[in-house]
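Q: I'm passing along run_22.cif; it holds mmCIF, C-alpha atoms and all ligand atoms.
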data_coords
#
loop_
_atom_site.label_atom_id
_atom_site.label_comp_id
_atom_site.auth_asym_id
_atom_site.auth_seq_id
_atom_site.Cartn_x
_atom_site.Cartn_y
_atom_site.Cartn_z
CA MET A 1 -103.79 -98.85 150.28
CA ASN A 2 -101.79 -95.72 150.96
CA GLU A 3 -102.97 -92.11 151.04
CA ASP A 4 -102.13 -91.45 147.37
CA ASP A 5 -104.05 -94.58 146.33
CA ARG A 6 -107.09 -93.47 148.33
CA ILE A 7 -107.08 -90.04 146.71
CA GLU A 8 -106.76 -91.64 143.26
CA VAL A 9 -109.70 -94.06 143.93
CA SER A 10 -112.06 -91.34 145.16
CA ARG A 11 -111.07 -89.14 142.20
CA ARG A 12 -111.93 -92.00 139.84
CA HIS A 13 -115.31 -92.50 141.57
CA LEU A 14 -116.14 -88.85 141.07
CA LEU A 15 -115.04 -88.90 137.44
CA ALA A 16 -117.12 -92.01 136.74
CA ALA A 17 -120.19 -90.42 138.28
CA GLY A 18 -119.33 -87.00 136.89
CA ALA A 19 -121.13 -86.97 133.52
CA GLY A 20 -124.61 -86.49 134.98
CA VAL A 21 -123.66 -84.55 138.08
CA SER A 22 -124.79 -80.96 138.38
CA ALA A 23 -122.49 -78.03 139.16
CA ALA A 24 -124.07 -77.80 142.64
CA LEU A 25 -123.08 -81.36 143.45
CA TRP A 26 -119.53 -80.69 142.29
CA ALA A 27 -119.43 -77.74 144.69
CA GLY A 28 -119.18 -80.17 147.58
CA GLN A 29 -122.68 -81.25 148.55
CA ALA A 30 -122.24 -84.63 146.86
CA ILE A 31 -119.29 -85.57 149.05
CA GLY A 32 -120.45 -83.80 152.16
CA GLN A 33 -117.54 -81.39 152.61
CA GLU A 34 -117.58 -77.78 153.73
CA ALA A 35 -116.18 -75.42 151.15
CA GLU A 36 -114.47 -73.16 153.67
CA GLY A 37 -111.63 -75.52 154.54
CA GLN A 38 -110.50 -78.21 156.88
CA PRO A 39 -108.39 -78.42 160.02
CA LEU A 40 -104.68 -79.18 159.69
CA MET A 41 -104.44 -82.85 158.78
CA GLY A 42 -102.04 -85.52 159.95
CA ASN A 43 -98.85 -84.75 161.78
CA PRO A 44 -96.82 -82.61 159.39
CA ASP A 45 -93.26 -81.81 160.31
CA LEU A 46 -93.72 -78.06 160.02
CA PRO A 47 -90.65 -75.83 159.73
CA GLU A 48 -90.12 -73.64 162.77
CA PRO A 49 -90.71 -69.90 162.48
CA MET A 50 -87.43 -68.24 161.43
CA GLU A 51 -86.95 -66.33 164.67
CA GLU A 52 -87.02 -69.55 166.72
CA ARG A 53 -84.45 -71.46 164.69
CA MET A 54 -80.85 -72.14 165.67
CA ARG A 55 -78.59 -69.43 164.23
CA TRP A 56 -75.53 -70.49 162.25
CA ALA A 57 -72.40 -68.83 160.86
CA VAL A 58 -70.82 -70.44 157.80
CA VAL A 59 -67.02 -70.14 157.70
CA GLY A 60 -65.32 -70.33 154.28
CA LEU A 61 -67.58 -69.60 151.32
CA GLY A 62 -66.08 -72.06 148.84
CA SER A 63 -67.61 -74.41 146.32
CA PHE A 64 -69.07 -76.86 148.83
CA ALA A 65 -70.44 -74.17 151.16
CA VAL A 66 -72.06 -72.26 148.30
CA GLY A 67 -73.20 -75.26 146.28
CA GLN A 68 -74.53 -77.56 149.01
CA VAL A 69 -74.39 -76.17 152.55
CA MET A 70 -76.28 -72.93 151.87
CA PRO A 71 -79.10 -74.55 149.83
CA GLY A 72 -79.28 -77.12 152.65
CA PHE A 73 -80.07 -74.36 155.13
CA VAL A 74 -82.89 -73.18 152.85
CA ASP A 75 -84.46 -76.65 153.14
CA ALA A 76 -83.84 -76.90 156.89
CA SER A 77 -86.67 -76.75 159.44
CA LEU A 78 -84.84 -75.85 162.67
CA SER A 79 -81.72 -74.02 161.48
CA ARG A 80 -80.95 -70.81 159.64
CA MET A 81 -77.86 -68.85 158.57
CA THR A 82 -77.20 -65.50 160.25
CA ALA A 83 -73.50 -64.81 159.51
CA PHE A 84 -70.77 -65.46 156.96
CA VAL A 85 -67.03 -65.59 157.60
CA SER A 86 -64.91 -65.04 154.50
CA GLY A 87 -61.72 -63.54 153.15
CA ASN A 88 -63.78 -62.04 150.32
CA ARG A 89 -66.20 -59.44 151.67
CA ALA A 90 -67.82 -58.67 148.30
CA LYS A 91 -68.65 -62.35 147.77
CA ALA A 92 -69.97 -62.64 151.32
CA GLU A 93 -72.23 -59.61 150.85
CA MET A 94 -73.52 -60.88 147.53
CA LEU A 95 -74.39 -64.23 149.11
CA GLY A 96 -75.78 -62.36 152.12
CA GLN A 97 -78.25 -60.57 149.88
CA ARG A 98 -79.33 -63.84 148.35
CA TYR A 99 -79.83 -65.62 151.68
CA GLY A 100 -80.92 -62.73 153.93
CA VAL A 101 -77.67 -62.79 155.94
CA ASP A 102 -76.33 -59.44 157.13
CA ARG A 103 -73.51 -60.22 159.56
CA PHE A 104 -70.04 -60.55 158.06
CA TYR A 105 -66.65 -61.40 159.56
CA SER A 106 -63.18 -61.78 158.12
CA TYR A 107 -60.69 -64.36 159.36
CA ASP A 108 -58.89 -61.57 161.26
CA ASP A 109 -61.92 -60.41 163.26
CA TYR A 110 -63.37 -63.93 163.56
CA ASP A 111 -62.93 -64.00 167.35
CA ARG A 112 -65.50 -61.18 167.62
CA ILE A 113 -68.21 -63.78 167.04
CA ALA A 114 -67.89 -64.35 170.81
CA GLN A 115 -69.83 -61.09 171.30
CA ASP A 116 -72.41 -61.89 168.62
CA ASP A 117 -75.61 -63.22 170.19
CA GLU A 118 -77.05 -63.91 166.74
CA ILE A 119 -74.68 -66.87 166.29
CA ASP A 120 -75.22 -70.16 168.16
CA CYS A 121 -73.38 -72.60 165.88
CA VAL A 122 -70.53 -72.44 163.40
CA TYR A 123 -70.23 -74.54 160.23
CA VAL A 124 -66.53 -74.82 159.30
CA ALA A 125 -66.15 -75.37 155.53
CA LEU A 126 -62.50 -74.38 155.15
CA PRO A 127 -59.59 -76.41 153.72
CA VAL A 128 -58.69 -79.23 156.12
CA GLY A 129 -55.48 -77.64 157.39
CA LEU A 130 -57.57 -74.79 158.85
CA HIS A 131 -60.26 -76.93 160.50
CA ALA A 132 -58.57 -77.26 163.90
CA GLU A 133 -57.73 -73.57 164.28
CA TYR A 134 -61.16 -72.23 163.26
CA THR A 135 -63.04 -74.91 165.18
CA ILE A 136 -61.11 -74.26 168.38
CA ARG A 137 -61.49 -70.46 168.04
CA ALA A 138 -65.26 -70.89 167.63
CA LEU A 139 -65.49 -73.23 170.61
CA GLU A 140 -63.49 -70.77 172.73
CA ALA A 141 -65.95 -68.09 171.57
CA GLY A 142 -68.73 -70.18 173.10
CA LYS A 143 -70.20 -71.51 169.86
CA HIS A 144 -71.09 -75.09 168.94
CA VAL A 145 -69.24 -76.37 165.86
CA LEU A 146 -70.04 -78.66 162.97
CA CYS A 147 -66.76 -79.12 161.09
CA GLU A 148 -66.42 -80.50 157.58
CA LYS A 149 -64.73 -83.86 156.97
CA PRO A 150 -62.00 -84.93 157.35
CA MET A 151 -61.94 -83.54 160.86
CA ALA A 152 -58.35 -82.19 160.78
CA SER A 153 -54.83 -82.78 159.48
CA THR A 154 -53.66 -84.99 162.36
CA SER A 155 -55.09 -87.00 165.22
CA ALA A 156 -53.32 -84.59 167.62
CA GLU A 157 -55.35 -81.72 166.14
CA CYS A 158 -58.56 -83.75 166.47
CA GLU A 159 -57.76 -84.40 170.13
CA ALA A 160 -57.20 -80.66 170.71
CA MET A 161 -60.58 -79.90 169.10
CA ILE A 162 -62.36 -82.44 171.31
CA ALA A 163 -60.60 -81.05 174.39
CA ALA A 164 -61.71 -77.50 173.45
CA ALA A 165 -65.32 -78.68 173.09
CA ARG A 166 -65.21 -80.31 176.53
CA ARG A 167 -63.48 -77.32 178.13
CA ASN A 168 -66.15 -74.97 176.80
CA ASP A 169 -69.05 -77.38 177.25
CA ARG A 170 -70.01 -77.08 173.57
CA ARG A 171 -71.14 -79.70 171.02
CA LEU A 172 -68.67 -80.70 168.30
CA GLY A 173 -69.72 -82.67 165.22
CA VAL A 174 -68.02 -83.73 161.99
CA ALA A 175 -70.14 -83.21 158.87
CA TYR A 176 -70.32 -86.80 157.67
CA ARG A 177 -73.39 -86.13 155.53
CA ILE A 178 -73.82 -89.79 154.51
CA HIS A 179 -75.27 -90.52 157.96
CA PHE A 180 -78.23 -88.38 156.87
CA GLU A 181 -78.47 -89.45 153.23
CA PRO A 182 -81.71 -91.38 152.54
CA THR A 183 -80.28 -94.16 150.31
CA ASN A 184 -77.50 -94.92 152.79
CA ARG A 185 -80.02 -94.81 155.67
CA THR A 186 -82.04 -97.42 153.78
CA ALA A 187 -78.94 -99.61 153.34
CA PHE A 188 -78.20 -99.19 157.05
CA GLU A 189 -81.71 -100.33 158.01
CA MET A 190 -81.59 -103.30 155.64
CA ILE A 191 -78.26 -104.43 157.04
CA ALA A 192 -79.45 -103.90 160.63
CA GLY A 193 -82.61 -105.84 159.71
CA ASP A 194 -80.56 -108.89 158.72
CA ALA A 195 -81.10 -108.61 154.95
CA LEU A 196 -77.56 -109.85 154.30
CA SER A 197 -76.30 -111.36 157.50
CA PRO A 198 -73.75 -112.27 158.26
CA LEU A 199 -72.09 -109.50 156.34
CA ARG A 200 -68.70 -110.78 155.16
CA HIS A 201 -67.17 -108.25 152.79
CA ILE A 202 -67.59 -104.56 152.10
CA ARG A 203 -65.97 -103.01 149.05
CA CYS A 204 -65.71 -99.23 148.56
CA ASP A 205 -64.21 -97.35 145.61
CA HIS A 206 -64.07 -93.58 145.68
CA GLY A 207 -62.18 -91.10 143.56
CA PHE A 208 -62.05 -88.35 140.99
CA ASP A 209 -59.48 -86.53 138.89
CA ALA A 210 -57.94 -83.85 141.11
CA THR A 211 -56.35 -81.24 138.90
CA PRO A 212 -55.48 -77.63 139.64
CA GLU A 213 -56.92 -76.75 136.21
CA SER A 214 -60.42 -78.07 136.92
CA TRP A 215 -63.24 -75.81 138.11
CA PRO A 216 -63.42 -75.43 141.02
CA PRO A 217 -59.64 -75.90 141.07
CA HIS A 218 -58.22 -78.61 143.30
CA ARG A 219 -55.21 -76.61 144.47
CA TRP A 220 -55.27 -76.86 148.26
CA ARG A 221 -56.11 -80.58 148.05
CA LEU A 222 -52.61 -81.15 146.63
CA GLU A 223 -50.80 -79.13 149.35
CA LYS A 224 -50.10 -81.04 152.54
CA ALA A 225 -50.31 -77.99 154.83
CA LEU A 226 -53.88 -77.26 153.69
CA ALA A 227 -55.07 -80.79 152.90
CA GLY A 228 -53.59 -82.82 155.75
CA GLY A 229 -53.24 -85.82 153.45
CA GLY A 230 -54.09 -87.00 149.97
CA SER A 231 -57.01 -88.80 148.35
CA MET A 232 -57.62 -90.95 151.42
CA TYR A 233 -58.29 -87.83 153.49
CA ASP A 234 -60.56 -86.21 150.97
CA ILE A 235 -62.50 -88.98 149.25
CA GLY A 236 -61.35 -92.40 150.54
CA ILE A 237 -62.73 -91.40 153.92
CA TYR A 238 -66.26 -91.93 152.54
CA GLY A 239 -65.67 -95.67 152.29
CA LEU A 240 -63.88 -95.88 155.62
CA ASN A 241 -66.58 -93.98 157.49
CA THR A 242 -69.64 -95.36 155.71
CA ALA A 243 -68.53 -98.98 156.18
CA GLN A 244 -68.27 -98.38 159.92
CA MET A 245 -71.68 -96.67 159.91
CA MET A 246 -73.14 -99.88 158.45
CA LEU A 247 -71.50 -101.99 161.20
CA PRO A 248 -72.33 -100.10 164.40
CA ASP A 249 -71.68 -103.07 166.71
CA ASP A 250 -68.33 -103.95 165.14
CA ARG A 251 -64.90 -102.30 165.40
CA PRO A 252 -61.70 -102.29 163.35
CA VAL A 253 -58.81 -104.37 164.69
CA SER A 254 -56.24 -103.75 161.96
CA VAL A 255 -55.72 -101.80 158.75
CA ALA A 256 -53.32 -102.05 155.84
CA GLY A 257 -52.65 -100.07 152.71
CA VAL A 258 -50.49 -99.72 149.63
CA TYR A 259 -50.05 -96.56 147.58
CA ALA A 260 -51.51 -96.72 144.08
CA TYR A 261 -50.71 -93.73 141.88
CA PRO A 262 -48.11 -92.76 139.28
CA LYS A 263 -45.04 -91.70 141.26
CA ASP A 264 -43.88 -89.34 138.51
CA ASP A 265 -47.18 -87.39 138.48
CA PRO A 266 -46.21 -83.82 139.49
CA ARG A 267 -49.54 -83.39 141.37
CA PHE A 268 -48.48 -85.85 144.04
CA VAL A 269 -45.30 -84.40 145.46
CA GLU A 270 -46.80 -83.45 148.83
CA VAL A 271 -49.80 -85.79 149.17
CA GLU A 272 -50.60 -89.29 147.98
CA GLY A 273 -52.66 -89.66 144.82
CA GLY A 274 -54.22 -93.03 145.61
CA VAL A 275 -54.37 -95.89 148.10
CA GLU A 276 -55.65 -99.46 148.08
CA TRP A 277 -56.65 -100.14 151.69
CA ARG A 278 -58.08 -102.86 153.91
CA MET A 279 -59.70 -102.80 157.33
CA THR A 280 -60.32 -106.00 159.29
CA MET A 281 -63.18 -105.91 161.80
CA ALA A 282 -63.44 -107.72 165.13
CA SER A 283 -66.31 -109.84 163.73
CA GLY A 284 -64.09 -111.11 160.92
CA ALA A 285 -65.78 -108.95 158.29
CA VAL A 286 -63.30 -107.32 155.94
CA VAL A 287 -63.68 -103.89 154.39
CA SER A 288 -61.49 -103.08 151.40
CA GLY A 289 -61.37 -100.01 149.30
CA SER A 290 -59.63 -97.82 146.82
CA SER A 291 -59.19 -94.10 147.00
CA SER A 292 -57.85 -92.09 144.11
CA TYR A 293 -57.22 -88.64 142.71
CA CYS A 294 -56.71 -90.28 139.30
CA TYR A 295 -60.17 -91.69 138.56
CA GLN A 296 -62.10 -90.40 135.60
CA PRO A 297 -65.06 -90.07 135.69
CA TYR A 298 -66.04 -89.57 139.32
CA VAL A 299 -66.29 -92.95 141.11
CA SER A 300 -68.45 -93.52 144.20
CA ARG A 301 -69.53 -97.12 144.62
CA GLN A 302 -69.92 -99.57 147.45
CA ALA A 303 -70.89 -103.23 147.76
CA TYR A 304 -72.07 -105.05 150.89
CA LEU A 305 -71.75 -108.82 150.40
CA GLY A 306 -73.37 -111.19 152.88
CA ALA A 307 -74.42 -114.80 153.29
CA LYS A 308 -78.08 -114.06 152.45
CA GLY A 309 -77.80 -111.30 149.89
CA ALA A 310 -75.85 -108.39 148.47
CA ILE A 311 -76.39 -104.65 148.32
CA THR A 312 -74.68 -102.63 145.64
CA MET A 313 -74.73 -98.85 145.57
CA ASP A 314 -73.45 -97.06 142.48
CA PRO A 315 -73.31 -94.18 142.91
CA ALA A 316 -73.24 -94.49 146.68
CA THR A 317 -72.34 -91.13 148.18
CA THR A 318 -73.15 -88.36 145.72
CA TYR A 319 -75.16 -85.23 146.48
CA TYR A 320 -78.21 -85.82 144.29
CA GLU A 321 -78.48 -89.33 142.87
CA ASN A 322 -77.60 -92.49 144.77
CA GLU A 323 -78.82 -95.93 143.82
CA LEU A 324 -79.31 -99.10 145.81
CA VAL A 325 -79.87 -102.60 144.42
CA LEU A 326 -80.60 -105.60 146.65
CA ARG A 327 -79.91 -109.06 145.25
CA ALA A 328 -81.07 -112.14 147.13
CA GLY A 329 -81.52 -115.63 145.63
CA ASN A 330 -82.31 -115.04 141.97
CA GLY A 331 -84.11 -111.77 142.66
CA ARG A 332 -82.88 -108.26 141.99
CA ARG A 333 -84.67 -105.24 143.40
CA ALA A 334 -83.82 -101.55 142.93
CA ILE A 335 -84.91 -99.73 146.08
CA GLU A 336 -85.97 -96.09 146.05
CA SER A 337 -85.33 -93.86 149.03
CA GLY A 338 -85.95 -90.18 149.68
CA PRO A 339 -84.18 -87.45 147.70
CA PRO A 340 -80.43 -87.47 148.49
CA ALA A 341 -80.31 -83.65 148.65
CA ARG A 342 -82.23 -83.86 151.97
CA GLN A 343 -78.94 -84.89 153.59
CA PHE A 344 -77.68 -81.30 153.87
CA ALA A 345 -80.78 -79.96 155.64
CA ASP A 346 -81.19 -83.03 157.84
CA GLN A 347 -77.56 -82.84 158.90
CA VAL A 348 -77.75 -79.27 160.21
CA ASP A 349 -81.16 -79.86 161.79
CA ASP A 350 -79.87 -82.94 163.59
CA PHE A 351 -76.95 -80.92 164.95
CA THR A 352 -79.40 -78.23 166.05
CA ARG A 353 -81.42 -80.91 167.88
CA ALA A 354 -78.27 -82.27 169.54
CA VAL A 355 -77.43 -78.77 170.80
CA ARG A 356 -80.93 -78.14 172.10
CA GLU A 357 -81.20 -81.52 173.79
CA GLY A 358 -77.63 -81.44 175.13
CA ARG A 359 -76.90 -84.82 173.58
CA ALA A 360 -74.02 -86.08 171.45
CA HIS A 361 -74.31 -85.51 167.74
CA ARG A 362 -74.83 -88.57 165.48
CA THR A 363 -71.36 -87.94 164.00
CA PRO A 364 -69.38 -86.47 166.93
CA GLY A 365 -65.78 -85.28 167.08
CA GLU A 366 -64.75 -88.66 168.49
CA MET A 367 -65.85 -90.29 165.21
CA GLY A 368 -63.71 -87.83 163.24
CA LEU A 369 -60.73 -88.62 165.49
CA ARG A 370 -61.29 -92.37 165.06
CA ASP A 371 -61.17 -92.04 161.28
CA ILE A 372 -58.06 -89.84 161.20
CA ARG A 373 -56.29 -92.37 163.43
CA LEU A 374 -57.27 -95.13 160.99
CA ILE A 375 -56.00 -93.18 157.99
CA GLU A 376 -52.74 -92.41 159.79
CA ALA A 377 -52.37 -96.16 160.37
CA ILE A 378 -53.16 -96.90 156.69
CA TYR A 379 -50.40 -94.45 155.68
CA ARG A 380 -48.01 -96.10 158.19
CA SER A 381 -48.80 -99.45 156.63
CA ALA A 382 -48.26 -98.10 153.10
CA ASP A 383 -44.96 -96.56 154.22
CA ASN A 384 -43.97 -100.02 155.50
CA GLY A 385 -44.72 -102.06 152.42
CA GLY A 386 -48.36 -102.81 153.30
CA ALA A 387 -47.81 -104.51 156.65
CA PRO A 388 -51.04 -104.76 158.71
CA MET A 389 -51.20 -102.23 161.54
CA PRO A 390 -53.17 -103.08 164.68
CA VAL A 391 -55.54 -100.26 165.66
P1 LIG B 1 -62.96 -74.67 148.15
O1 LIG B 1 -61.54 -74.50 147.77
O2 LIG B 1 -63.98 -74.60 147.09
O3 LIG B 1 -63.37 -73.57 149.25
C1 LIG B 1 -62.61 -73.36 150.39
C2 LIG B 1 -62.89 -71.96 150.93
O4 LIG B 1 -62.16 -71.79 152.12
C3 LIG B 1 -62.44 -70.85 149.99
O5 LIG B 1 -63.39 -70.49 149.04
C4 LIG B 1 -62.16 -69.72 150.96
O6 LIG B 1 -63.40 -69.09 151.29
C5 LIG B 1 -61.74 -70.43 152.24
N1 LIG B 1 -60.29 -70.38 152.45
C6 LIG B 1 -59.70 -69.75 153.49
N2 LIG B 1 -58.37 -69.86 153.43
C7 LIG B 1 -58.11 -70.57 152.31
C8 LIG B 1 -56.89 -70.97 151.69
N3 LIG B 1 -55.69 -70.71 152.23
N4 LIG B 1 -56.97 -71.66 150.54
C9 LIG B 1 -58.15 -71.95 149.99
N5 LIG B 1 -59.35 -71.59 150.54
C10 LIG B 1 -59.31 -70.90 151.68
O7 LIG B 1 -63.05 -76.04 148.95
P2 LIG B 1 -64.32 -76.97 149.15
O8 LIG B 1 -65.51 -76.12 149.32
O9 LIG B 1 -64.32 -78.01 148.13
O10 LIG B 1 -63.95 -77.69 150.54
C11 LIG B 1 -64.12 -77.03 151.79
C12 LIG B 1 -64.30 -78.08 152.88
O11 LIG B 1 -65.45 -78.84 152.60
C13 LIG B 1 -63.16 -79.08 153.01
O12 LIG B 1 -63.01 -79.42 154.34
C14 LIG B 1 -63.65 -80.28 152.24
O13 LIG B 1 -63.06 -81.49 152.69
C15 LIG B 1 -65.11 -80.22 152.54
N6 LIG B 1 -65.94 -80.84 151.51
C16 LIG B 1 -66.90 -81.69 151.91
C17 LIG B 1 -67.70 -82.30 151.00
C18 LIG B 1 -68.78 -83.21 151.46
O14 LIG B 1 -69.41 -83.84 150.64
N7 LIG B 1 -69.04 -83.29 152.75
C19 LIG B 1 -67.54 -82.08 149.56
C20 LIG B 1 -66.53 -81.10 149.24
C21 LIG B 1 -65.76 -80.51 150.19
P3 LIG B 1 -63.53 -67.49 151.28
O15 LIG B 1 -63.19 -67.05 149.90
O16 LIG B 1 -64.94 -67.27 151.66
O17 LIG B 1 -62.56 -66.99 152.31
#
Output the file's structure as structure tokens, nothing else.

A:
Amino acid sequence: MNEDDRIEVSRRHLLAAGAGVSAALWAGQAIGQEAEGQPLMGNPDLPEPMEERMRWAVVGLGSFAVGQVMPGFVDASLSRMTAFVSGNRAKAEMLGQRYGVDRFYSYDDYDRIAQDDEIDCVYVALPVGLHAEYTIRALEAGKHVLCEKPMASTSAECEAMIAAARRNDRRLGVAYRIHFEPTNRTAFEMIAGDALSPLRHIRCDHGFDATPESWPPHRWRLEKALAGGGSMYDIGIYGLNTAQMMLPDDRPVSVAGVYAYPKDDPRFVEVEGGVEWRMTMASGAVVSGSSSYCYQPYVSRQAYLGAKGAITMDPATTYYENELVLRAGNGRRAIESGPPARQFADQVDDFTRAVREGRAHRTPGEMGLRDIRLIEAIYRSADNGGAPMPV
């Protein structure tokens, strides 16, 4: 019997006895409790007082920062926002009023954050082509950095970011939120607990319709200088990264890919619009996936197929509603986890803990570099007719 059940049973006892019970008994004498209150029960994970929390600057106040990152800080227990960096001061001040943030920087005076003792960490939420520059400038300013995915445009940029973190003895993480998302954590624990083993195939399909006309507009995602790459960088990376999260003791040995998008589509002059990819693991497990800027509606689904059972997740990696179904034998069970939106708060709080404890983050810069190297190899394969590339 859990706590909720116990409360329900004692409530039913009281209701059953209630008809003949006097007002005095209801006041507490009947159940022997003091009216003036009780000590703090259990072991609640209380939020820290604001003044003790890790202080964060958010860089780039775009749709993801405003829609997900900022509300995530409101739900956080150990982290709070103290500064905004933006090219649009009026927007920054309006958001500052809403979130109680009163320190503002532009991209030009960004390096002045070095003198700002009210900033410990920086959350980089800029277009990908700007990740390396703004991450390295923050690290040189003595701040710890959590950078959005994908880590940067090239593996050389990722290496420079990692070198800057080491040189300045700062933590560097990549914001792979799925590592903190409750439904995916449940899948991870089930796979680690042998629910499927051996796991033979993983299938991941991720995509959406990237148009400059949509709101928010997908303009920079279609420009190589700002996006680094195409759909595989932006959305296919969810499959690539999550599959490896589910197989922590395994490692990729080769990848392959073929492009899959209409070649006459004017959106895809600078970046690819879709890839069908495959990653072979040392264990023999095979991960395959599709990544597309031409899917309608939004697609985010994954399947983990093993000798003992199968997990399907559809949707798998959204912000607010992920679903997990376990099938084993003839049984089918939908498994509930915590609210997906917790992922944003838990991600920043885990980074805060990593900084405080001087330990590596759960999704460190090295993981971001690993994934960019894999995507570069998938593109090399696709450029060479799909030939497997050892990694
Ligand atoms: P947006 O285009 O909505 O926002 C990007 C922001 O960056 C702009 O609003 C602007 O902020 C700033 N910016 C600075 N220079 C430029 C420039 N040259 N062109 C465009 N914007 C510029 O992008 P998203 O919010 O969708 O993406 C931002 C980052 O977050 C990317 O790295 C993306 O991959 C990542 N992301 C992650 C998701 C996840 O689930 N983890 C989901 C979506 C995005 P300002 O006006 O304040 O200067």

Q: How close does stretch 151-242 of chain A get to stretch 112-123 of chain A? List, as JSON lines, each residue of stretch 151-242 of chain A within 10 Å, its nearest atom pair and the distance in Å to one decimal, counting all atoms listed in the file.

A:
{"residue": "A:Arg170", "atom": "CA", "partner": "A:Cys121", "partner_atom": "CA", "distance": 9.5}
{"residue": "A:Arg171", "atom": "CA", "partner": "A:Cys121", "partner_atom": "CA", "distance": 9.0}
{"residue": "A:Leu172", "atom": "CA", "partner": "A:Cys121", "partner_atom": "CA", "distance": 9.7}
{"residue": "A:Gly173", "atom": "CA", "partner": "A:Tyr123", "partner_atom": "CA", "distance": 9.6}
{"residue": "A:Val174", "atom": "CA", "partner": "A:Tyr123", "partner_atom": "CA", "distance": 9.6}
{"residue": "A:Ala175", "atom": "CA", "partner": "A:Tyr123", "partner_atom": "CA", "distance": 8.8}

Q: Counting all atoms listed in the file, what residues are within 6 Å of ligand LIG 1 (chain B), given as a count of residues only?

A: 19

Q: Find the distance between atom CA of A:Met245 and atom CA of A:Gly228 and write it in Å to one decimal.

A: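 Computing it gives 23.2 Å between the two atoms.
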
Q: Measure the distance from atom CA of A:Ser254 to atom CA of A:Asn241 in Å and round it to one decimal.

A: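 Interatomic distance, atom CA of A:Ser254 to atom CA of A:Asn241: 14.9 Å.
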
Q: Within 7 Å of stretch 315-330 of chain A, counting only C-alpha atoms, which residues qualify if same-chain residues fewer than 2 places away don't, as a ChimeraX atom specification?

A: /A:178,183,300-302,308-313,332-335,340-341

Q: From the options A:Ser106, A:Thr242, A:Gln68, A:Asn184, which residue's atoms come nearest to A:Phe84, counting all atoms listed in the file?

A: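 Among the listed residues, the smallest separation from A:Phe84 belongs to A:Ser106.
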
Q: Closest to A:Ser153 among A:Ala303, A:Gly42, A:Glu376, A:Glu93, using all atoms listed in the file?

A: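 When distances to A:Ser153 are compared using all atoms listed in the file, the smallest one comes from A:Glu376.
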
Q: At a cut-off of 8 Å around the point (-63.5, -93.8, 143.9) (file coordinates), what residues fall inside when counting all atoms listed in the file? I'd like the answer as a compact mmCIF listing (two decimals) with C-alpha atoms, keeping the file's coordinate frame.

A:
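Dumped to selection-v7.txt:
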# COMPACT_ATOMS: atom_id res chain seq x y z
CA CYS A 204 -65.71 -99.23 148.56
CA ASP A 205 -64.21 -97.35 145.61
CA HIS A 206 -64.07 -93.58 145.68
CA GLY A 207 -62.18 -91.10 143.56
CA PHE A 208 -62.05 -88.35 140.99
CA ILE A 235 -62.50 -88.98 149.25
CA GLY A 236 -61.35 -92.40 150.54
CA SER A 290 -59.63 -97.82 146.82
CA SER A 291 -59.19 -94.10 147.00
CA SER A 292 -57.85 -92.09 144.11
CA TYR A 295 -60.17 -91.69 138.56
CA TYR A 298 -66.04 -89.57 139.32
CA VAL A 299 -66.29 -92.95 141.11
CA SER A 300 -68.45 -93.52 144.20
CA ARG A 301 -69.53 -97.12 144.62

Q: Closest to A:Arg185 among A:Met246, A:Ala387, A:Val59, A:Met54, using all atoms listed in the file?

A: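 So, comparing all the options, the nearest one is A:Met246.
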
Q: Nearest to A:Asp383 among A:Gly257, A:Gly230, A:Pro39, A:Gly273, with distances taken over only C-alpha atoms: which residue is it?

A: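 Distance minimum relative to A:Asp383 lands on A:Gly257.
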
Q: Taking into account all atoms listed in the file, which residue in the set A:Met70, A:Ala243, A:Ala382, A:Ala152 is nearest to A:Val258?

A: A:Ala382

Q: Distance atom CA of A:Ser155-atom CA of A:Gly229, one decimal place?

A: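 Here the two named atoms are 12.0 Å from each other.
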
Q: Between A:Thr135, A:Ser381, A:Ser77, A:Gln97, which one has atoms that come closest to A:Tyr110, using only C-alpha atoms?

A: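 Of A:Thr135, A:Ser381, A:Ser77, A:Gln97, the one nearest A:Tyr110 is A:Thr135, counting only C-alpha atoms.
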
Q: Residues at most 8 Å from A:Ala285, counting only C-alpha atoms, excluding those fewer than 5 positions away in the same chain, as a ChimeraX atom specification?

A: /A:199-202,280
